[in-house]
Amino acid sequence: MRKKYLQDHLKSILFALCTVGLFVLICCLYEQLIPPVIYASVILIVVGSAVLWAGYPRYEARMKYIAELTGCSDPEGCADHLPTPASCEIEMYQELLKSMGSSYREYVSLEDEKYRDRSDYFAMWAHQIKTPIAAMHLLIDDQDMPEEKDQLFRIEEYVSMVMHYLKTDDISKDFVLRSYSLDQILEEAIRHYSSLFIRKKLKLNYEHTNLQVVTDEKWLLFVVEQILSNSLKYTSAGSVTIKAEHGSLIISDTGCGIASEDLPRMFDKGYTGYNGRMDKRSTGLGLYLCKKVLDQLGHSIHIESSAGKGTSVIIGLNLSEQ
């Protein structure tokens, strides 16, 4: 801080020293009395040093205060609390900062309004689309149309993902945290995908966990369904296993697995990896939403996999006393 202070006043210090040196030089050239000039120079240096020394505490306090305001999220509000300007130039900079803060606030307000309008539209769309989906179910339920049923099932999944995605910006307001039976949540997810298990002729190995979990039932169910959906999507033969070990829920499959270079980025928004690029329908949002939801719930998630050898998703849970 002291070094910066001296750098900020370097021009004034150099000007004072040059002035003293010039006086001494002129006196030497004209052979005038040197002592008065020396006395005046000494007084100038002493007074200047005293002024510099006295001004440092105020400078230090001002710089610390500005440093505290640096992380302010409201530029306009911060500008109102800046210290008294020491010069007209600094005052103009402060006025510029206030103007920029005002423009920033107007921009944020406009963008928030646009975002709310888009969110309201998609929420309305997600609810309205349920009516034609229900009608399509009635039309094909009594007919042997497995492919059409699969596609309709996927449409329902994408609609569900949209609705959950719209809520993730302020997800904590939707939480109802208490102790739930993990088996009830798992069984509901299994029932949801039971027809797909049958059509793909995949074996389900499900071991009852007998665990009570402190979580939000709806959002943990969403996560489990997303993971089961991925397992079913990328497993053409073999089985899916659901079990609990050491306080963690493990969902494993015998599918195509994940390439090692893709694993570190599987929870990145929009990242689909090699498998996702092969499957053109992949959005890269499923695991991203799972990670975001579980982080808010205080749970953990990580993936163990290798190409061609299946995938295991491990969810660390908050267990309650039974």
# chains A, B, ... in the order shown; residues from 1 in each chain; ligands from 1
>>> residues_around(residues="His9 of chain A", least_positions_apart="6", cutoff="12 Å", atoms="only C-alpha atoms", output="PyMOL selection string")
chain A and resi 2-3+15-16+48-49+51-53+55-56+59
>>> residues_around(residues="Val224 of chain A", least_positions_apart="6", cutoff="9 Å", atoms="only C-alpha atoms", output="PyMOL selection string")
chain A and resi 185-186+189+251+290
>>> closest_residue(among="A:Glu225, A:Asn210, A:Leu6, A:Val162", to="Arg191 of chain A", atoms="only C-alpha atoms")
A:Glu225
>>> atom_distance(atom1="atom CA of Cys27 of chain A", atom2="atom CA of Lys11 of chain A")
24.3 Å
>>> residues_around(residues="Tyr121 of chain A", least_positions_apart="6", cutoff="12 Å", atoms="only C-alpha atoms", output="PDB file with N, CA and C atoms, in the first residue's frame")
ATOM      1  N   LYS A 114     -37.712 -10.297 -19.779  1.00  0.00           N
ATOM      2  CA  LYS A 114     -37.713 -11.212 -20.928  1.00  0.00           C
ATOM      3  C   LYS A 114     -37.642 -12.665 -20.474  1.00  0.00           C
ATOM      4  N   TYR A 115     -36.797 -12.922 -19.454  1.00  0.00           N
ATOM      5  CA  TYR A 115     -36.649 -14.296 -18.960  1.00  0.00           C
ATOM      6  C   TYR A 115     -37.960 -14.786 -18.345  1.00  0.00           C
ATOM      7  N   HIS A 127     -47.640 -27.395 -19.792  1.00  0.00           N
ATOM      8  CA  HIS A 127     -48.913 -27.855 -19.238  1.00  0.00           C
ATOM      9  C   HIS A 127     -49.930 -28.152 -20.352  1.00  0.00           C
ATOM     10  N   GLN A 128     -49.951 -27.301 -21.365  1.00  0.00           N
ATOM     11  CA  GLN A 128     -50.933 -27.498 -22.425  1.00  0.00           C
ATOM     12  C   GLN A 128     -50.638 -28.731 -23.275  1.00  0.00           C
ATOM     13  N   VAL A 162     -38.415 -30.365 -19.301  1.00  0.00           N
ATOM     14  CA  VAL A 162     -38.617 -28.927 -19.481  1.00  0.00           C
ATOM     15  C   VAL A 162     -39.202 -28.308 -18.214  1.00  0.00           C
ATOM     16  N   MET A 163     -40.215 -28.961 -17.652  1.00  0.00           N
ATOM     17  CA  MET A 163     -40.867 -28.420 -16.460  1.00  0.00           C
ATOM     18  C   MET A 163     -39.905 -28.359 -15.278  1.00  0.00           C
ATOM     19  N   LEU A 166     -37.246 -25.532 -15.797  1.00  0.00           N
ATOM     20  CA  LEU A 166     -37.745 -24.190 -15.537  1.00  0.00           C
ATOM     21  C   LEU A 166     -37.729 -23.855 -14.047  1.00  0.00           C
TER      22      LEU A 166
END
>>> select_by_dssp(residues="segment 125-282 of chain A", states="alpha helix (DSSP H)", output="NGL selection string")
:A and (125-128 or 130-140 or 146-167 or 182-192 or 194-200 or 217-233 or 273-278)
>>> residues_around(residues="Thr215 of chain A", least_positions_apart="5", cutoff="8 Å", atoms="only C-alpha atoms", output="MDAnalysis selection string")
chainID A and resid 176:180 220 297 318
>>> closest_residue(among="A:Ala244, A:Leu152, A:Leu25, A:Ile90", to="Ile133 of chain A", atoms="only C-alpha atoms")
A:Leu152
